[in-house]
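Student: File final10.cif below, mmCIF, C-alpha atoms:
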data_start
loop_
_atom_site.label_atom_id
_atom_site.label_comp_id
_atom_site.auth_asym_id
_atom_site.auth_seq_id
_atom_site.Cartn_x
_atom_site.Cartn_y
_atom_site.Cartn_z
CA MET V 1 47.57 15.33 148.65
CA LYS V 2 48.47 18.01 146.14
CA LYS V 3 52.02 18.34 144.88
CA ILE V 4 53.11 21.76 143.65
CA LEU V 5 56.32 21.95 141.67
CA ILE V 6 58.20 25.28 141.76
CA THR V 7 60.68 25.45 138.87
CA SER V 8 62.36 27.68 136.35
CA GLY V 9 64.11 24.92 134.49
CA ALA V 10 67.88 25.29 134.73
CA LYS V 11 67.96 28.96 135.69
CA GLY V 12 69.13 30.18 139.09
CA GLY V 13 68.36 33.43 140.87
CA THR V 14 64.72 33.62 139.86
CA GLY V 15 63.23 33.42 143.36
CA LYS V 16 62.07 29.79 143.34
CA THR V 17 63.16 29.13 146.89
CA THR V 18 61.69 32.38 148.19
CA ILE V 19 58.34 31.56 146.61
CA ALA V 20 58.46 27.91 147.73
CA ILE V 21 59.24 28.77 151.36
CA ASN V 22 56.63 31.53 151.54
CA MET V 23 53.99 29.33 149.92
CA ALA V 24 54.80 26.45 152.27
CA ILE V 25 54.71 28.60 155.42
CA ILE V 26 51.46 30.34 154.44
CA LEU V 27 49.78 27.02 153.62
CA ALA V 28 51.09 25.45 156.85
CA TYR V 29 49.62 28.32 158.84
CA GLU V 30 46.30 28.39 157.00
CA LEU V 31 45.86 24.59 157.20
CA ARG V 32 47.24 24.19 160.75
CA ASN V 33 43.95 22.87 162.13
CA ARG V 34 43.32 20.40 159.30
CA ALA V 35 46.36 18.13 159.71
CA GLN V 36 49.23 17.63 162.15
CA TYR V 37 51.71 18.27 159.32
CA PRO V 38 49.71 19.95 156.58
CA VAL V 39 52.68 20.84 154.34
CA VAL V 40 55.93 19.17 153.35
CA LEU V 41 58.58 21.25 151.58
CA ILE V 42 61.07 19.29 149.48
CA ASP V 43 64.20 21.31 148.85
CA LEU V 44 66.01 19.65 145.96
CA GLY V 45 68.61 22.43 145.95
CA LEU V 46 71.48 20.17 146.90
CA ASP V 47 73.88 22.73 145.46
CA SER V 48 72.96 25.44 147.95
CA GLY V 49 70.46 24.18 150.53
CA THR V 50 69.04 27.68 150.78
CA ALA V 51 65.67 26.57 152.18
CA THR V 52 67.43 24.43 154.77
CA LEU V 53 69.64 27.34 155.81
CA LEU V 54 66.67 29.70 156.07
CA LEU V 55 64.56 27.28 158.09
CA LEU V 56 67.25 25.94 160.44
CA GLY V 57 69.93 28.59 160.60
CA ASN V 58 73.19 27.04 161.83
CA ILE V 59 72.90 23.60 160.28
CA GLU V 60 76.09 21.98 161.51
CA GLU V 61 74.60 21.38 164.95
CA LYS V 62 71.12 20.29 163.91
CA ILE V 63 71.28 18.00 160.87
CA SER V 64 72.04 14.30 160.93
CA TYR V 65 71.12 13.46 157.34
CA THR V 66 70.27 15.35 154.15
CA LEU V 67 68.74 14.45 150.82
CA ALA V 68 72.28 14.24 149.46
CA ASP V 69 72.88 11.31 151.85
CA TYR V 70 69.72 9.63 150.55
CA PHE V 71 70.51 10.16 146.86
CA MET V 72 74.09 8.99 147.38
CA GLY V 73 72.85 5.74 149.00
CA LYS V 74 74.24 6.47 152.47
CA ILE V 75 70.82 6.04 154.09
CA PRO V 76 67.93 3.88 152.88
CA ASP V 77 65.06 5.82 154.43
CA PRO V 78 64.29 9.30 153.12
CA LEU V 79 62.29 10.08 156.29
CA SER V 80 65.67 10.51 158.02
CA THR V 81 66.13 13.68 155.95
CA PHE V 82 62.92 15.30 157.23
CA TYR V 83 62.88 17.98 159.89
CA VAL V 84 60.10 20.01 161.51
CA LYS V 85 60.04 23.77 161.98
CA THR V 86 57.51 24.97 164.56
CA TRP V 87 56.20 28.51 164.97
CA GLN V 88 54.20 29.92 167.87
CA ILE V 89 51.85 32.84 167.20
CA ASP V 90 49.93 33.86 170.31
CA ASP V 91 48.25 30.61 171.42
CA ASP V 92 48.51 29.04 167.98
CA THR V 93 51.21 26.63 166.89
CA PHE V 94 51.87 25.49 163.36
CA LYS V 95 54.46 23.21 161.80
CA LEU V 96 56.24 22.77 158.52
CA VAL V 97 57.96 19.52 157.58
CA PHE V 98 60.89 19.96 155.20
CA THR V 99 63.80 18.05 153.78
CA ALA V 100 67.29 19.11 154.69
CA SER V 101 69.18 19.65 151.47
CA ILE V 102 72.78 20.58 151.30
CA SER V 103 75.90 18.81 150.18
CA GLN V 104 79.58 19.54 150.51
CA TYR V 105 80.04 18.03 147.05
CA PRO V 106 76.89 18.81 145.05
CA SER V 107 78.45 17.77 141.74
CA GLN V 108 78.74 14.22 143.09
CA VAL V 109 75.04 13.99 143.94
CA LYS V 110 72.69 12.84 141.21
CA VAL V 111 68.95 12.90 141.83
CA ASP V 112 67.96 9.38 140.77
CA ARG V 113 64.39 9.25 139.45
CA TYR V 114 63.64 5.95 141.26
CA LEU V 115 64.90 7.26 144.58
CA LEU V 116 62.92 10.45 143.92
CA LYS V 117 59.76 8.37 143.42
CA GLY V 118 60.60 6.58 146.68
CA LEU V 119 60.90 9.93 148.43
CA LEU V 120 57.55 11.10 147.07
CA ASN V 121 55.87 7.81 148.09
CA THR V 122 57.38 8.01 151.59
CA ILE V 123 55.83 11.44 152.11
CA GLU V 124 52.41 9.82 152.09
CA ALA V 125 53.22 8.39 155.56
CA ILE V 126 53.15 11.96 156.92
CA SER V 127 49.72 12.56 155.31
CA PRO V 128 50.25 16.18 154.27
CA LEU V 129 47.64 18.12 152.39
CA TYR V 130 50.32 19.77 150.22
CA VAL V 131 53.81 18.98 149.08
CA ILE V 132 55.83 21.91 147.75
CA ILE V 133 58.81 20.89 145.61
CA ASP V 134 61.57 23.46 145.15
CA THR V 135 63.85 22.54 142.25
CA PRO V 136 67.55 23.37 142.01
CA ALA V 137 69.06 25.83 139.60
CA LEU V 138 71.70 23.36 138.46
CA GLY V 139 71.93 19.61 138.06
CA LEU V 140 68.26 18.93 137.30
CA SER V 141 68.32 16.19 134.70
CA TYR V 142 65.71 15.75 132.00
CA ASP V 143 64.56 12.45 133.60
CA THR V 144 64.26 14.08 137.01
CA LEU V 145 62.23 16.98 135.64
CA ILE V 146 59.90 14.55 133.82
CA THR V 147 59.45 12.54 137.04
CA LEU V 148 58.63 15.72 138.96
CA LEU V 149 56.20 16.97 136.33
CA GLU V 150 54.43 13.61 136.17
CA ALA V 151 54.13 13.43 139.97
CA SER V 152 52.95 17.03 140.43
CA THR V 153 49.39 18.25 140.61
CA ASN V 154 50.47 21.78 139.64
CA ALA V 155 53.60 23.45 138.34
CA VAL V 156 54.51 27.06 139.10
CA LEU V 157 56.99 28.34 136.55
CA ILE V 158 59.19 31.18 137.75
CA ALA V 159 60.92 33.53 135.33
CA ILE V 160 62.64 36.87 135.53
CA PRO V 161 62.80 39.23 132.56
CA ASP V 162 66.01 38.06 130.94
CA HIS V 163 66.66 35.91 127.90
CA SER V 164 68.13 32.86 129.68
CA SER V 165 65.31 32.76 132.23
CA LEU V 166 62.60 32.97 129.58
CA LYS V 167 64.36 30.29 127.51
CA ALA V 168 64.65 27.94 130.52
CA VAL V 169 60.94 28.33 131.35
CA SER V 170 60.04 27.90 127.67
CA ASN V 171 61.89 24.58 127.69
CA VAL V 172 59.81 23.42 130.68
CA VAL V 173 56.57 24.52 128.99
CA ASN V 174 57.51 22.56 125.86
CA LEU V 175 58.30 19.50 127.97
CA MET V 176 54.93 19.81 129.69
CA ARG V 177 53.23 19.94 126.28
CA ASP V 178 55.13 16.85 125.15
CA LEU V 179 54.05 14.97 128.29
CA LYS V 180 50.38 15.78 127.66
CA ALA V 181 50.55 14.65 124.01
#
Would you mind writing the file out in structure tokens?
Tutor:
Amino acid sequence: MKKILITSGAKGGTGKTTIAINMAIILAYELRNRAQYPVVLIDLGLDSGTATLLLLGNIEEKISYTLADYFMGKIPDPLSTFYVKTWQIDDDTFKLVFTASISQYPSQVKVDRYLLKGLLNTIEAISPLYVIIDTPALGLSYDTLITLLEASTNAVLIAIPDHSSLKAVSNVVNLMRDLKA
């Protein structure tokens, strides 16, 4: 199982979620015959839940639990936060498993590194070929970023041509260097 981290550090509006969703859907389609659930998308964007909104639409009627519930200790099992989106193209069906991520009070939700490790370990029960991790623009702690970098097979750094974006990505690159040393 390969884990691909999509991040720009602490910079929003760079297109992380757009890239993460497109990458996840393309991989799910391409690998549809190799596993029942070839791709899991983890949307850590508890502040906006953009991926959740794009994949489910009207969420009030469809979501029982989100990652915010898991990180706040309201539910013990992160699998309760997973949902499946199914597409039909001609006679072909393919599926994407994703976490629902949205919170009414995002400032109250802290991504605990031990619960994050539990989430990543739980994903193994689904046996995906790829896990795509979309990081939030805000609220990503240093410990959480380290945990994600250590757990990931690859990291895709997203930047737009402005000073704050380049600085945020530079900080992630320096952290990656420090981890390798």
Student: From the options V:Ala159, V:Ile132, V:Ile63, V:Val169, which residue's atoms come nearest to Ile6 (chain V), counting only C-alpha atoms?
Tutor: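 Closest to Ile6 (chain V) of all the choices is V:Ile132.
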Student: Using all atoms listed in the file, which residues sit within 8 Å of region 31-45 of chain V once same-chain residues fewer than 4 positions away are excluded, as a VMD selection string?
Tutor: chain V and resid 20 to 21 24 27 49 to 52 67 93 to 102 123 126 to 137
Student: What's the separation between CA of Leu140 (chain V) and CA of Arg177 (chain V), in Å to one decimal place?
Tutor: 18.7 Å
Student: Would you please work out which residue, of V:Ile19, V:Asp47, V:Ser64, V:Lys11, is nearest to His163 (chain V) when using all atoms listed in the file?
Tutor: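 That would be V:Lys11, the residue with the smallest distance to His163 (chain V).
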Student: Where does the PyMOL selection byres ((chain V and resi 72) around 10) land in this file, that is, which residues does it pick, as a list in words?
Tutor: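 This file gives the following for the PyMOL selection byres ((chain V and resi 72) around 10): Leu67, Ala68, Asp69, Tyr70, Phe71, Gly73, Lys74, Ile75, Pro76, Gln108, Val109, Lys110, Val111, Asp112 and Leu115 of chain V.
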Student: Only C-alpha atoms, please: the residues just picked out, written as a short mmCIF file (atom, residue, chain, number, x, y, z; two decimals), in the coordinates of the input.
Tutor:
data_model
loop_
_atom_site.label_atom_id
_atom_site.label_comp_id
_atom_site.auth_asym_id
_atom_site.auth_seq_id
_atom_site.Cartn_x
_atom_site.Cartn_y
_atom_site.Cartn_z
CA LEU V 67 68.74 14.45 150.82
CA ALA V 68 72.28 14.24 149.46
CA ASP V 69 72.88 11.31 151.85
CA TYR V 70 69.72 9.63 150.55
CA PHE V 71 70.51 10.16 146.86
CA GLY V 73 72.85 5.74 149.00
CA LYS V 74 74.24 6.47 152.47
CA ILE V 75 70.82 6.04 154.09
CA PRO V 76 67.93 3.88 152.88
CA GLN V 108 78.74 14.22 143.09
CA VAL V 109 75.04 13.99 143.94
CA LYS V 110 72.69 12.84 141.21
CA VAL V 111 68.95 12.90 141.83
CA ASP V 112 67.96 9.38 140.77
CA LEU V 115 64.90 7.26 144.58
#
Student: Pick the closest to Thr86 (chain V) from V:Ile25, V:Leu116, V:Ile146, V:Ser48: which is it, counting all atoms listed in the file?
Tutor: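 For Thr86 (chain V), the nearest of the candidates is V:Ile25.
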Student: Separation of CA of Leu79 (chain V) and CA of Val156 (chain V), in Å?
Tutor: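 CA of Val156 (chain V) lies 25.4 Å from CA of Leu79 (chain V).
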Student: What gap, in Å, lies between CA of Thr144 (chain V) and CA of Arg113 (chain V)?
Tutor: 5.4 Å
Student: Which is closer to Ala28 (chain V) than all the others in V:Leu157, V:Val172, V:Ala151, V:Lys85, using only C-alpha atoms?
Tutor: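 Of V:Leu157, V:Val172, V:Ala151, V:Lys85, the one nearest Ala28 (chain V) is V:Lys85, counting only C-alpha atoms.
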Student: Which residues, written as a list of chain:residue names, have at least one atom at most 12 Å from Leu175 (chain V), with all atoms listed in the file counted and residues fewer than 2 positions away on the same chain left out?
Tutor: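 Counting all atoms listed in the file, the residues come to V:Gly9, V:Tyr142, V:Asp143, V:Leu145, V:Ile146, V:Thr147, V:Leu148, V:Leu149, V:Glu150, V:Ala168, V:Val169, V:Ser170, V:Asn171, V:Val172, V:Val173, V:Arg177, V:Asp178, V:Leu179, V:Lys180, V:Ala181.
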Student: Select all residues near (62.7, 32.0, 160.5) (cut-off 9 Å, inclusive, file coordinates), counting all atoms listed in the file, and output them as a PyMOL selection string.
Tutor: chain V and resi 54-57+85+87
Student: Output the selection as a short mmCIF file (atom, residue, chain, number, x, y, z; two decimals), in the frame of the given file - C-alpha atoms for each residue.
Tutor:
data_model
loop_
_atom_site.label_atom_id
_atom_site.label_comp_id
_atom_site.auth_asym_id
_atom_site.auth_seq_id
_atom_site.Cartn_x
_atom_site.Cartn_y
_atom_site.Cartn_z
CA LEU V 54 66.67 29.70 156.07
CA LEU V 55 64.56 27.28 158.09
CA LEU V 56 67.25 25.94 160.44
CA GLY V 57 69.93 28.59 160.60
CA LYS V 85 60.04 23.77 161.98
CA TRP V 87 56.20 28.51 164.97
#
Student: Using all atoms listed in the file, which of V:Glu30, V:Met176, V:Lys167, V:Ile158 sits nearest Gly15 (chain V)?
Tutor: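 Smallest separation from Gly15 (chain V) among the options: V:Ile158.
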Student: Of the candidates V:Lys16, V:Thr153, V:Ser164, V:Tyr29, which shows the shortest atom-to-atom distance to Gln88 (chain V), using all atoms listed in the file?
Tutor: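 Nearest to Gln88 (chain V): V:Tyr29.
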Student: Could you write out as JSON the box around region 94-100 of chain V (axis-aligned, all atoms listed in the file, 5 Å on each side), with centre and edge lengths in Å to one decimal?
Tutor:
{"center_x": 59.6, "center_y": 21.8, "center_z": 158.6, "size_x": 25.4, "size_y": 17.4, "size_z": 19.6}
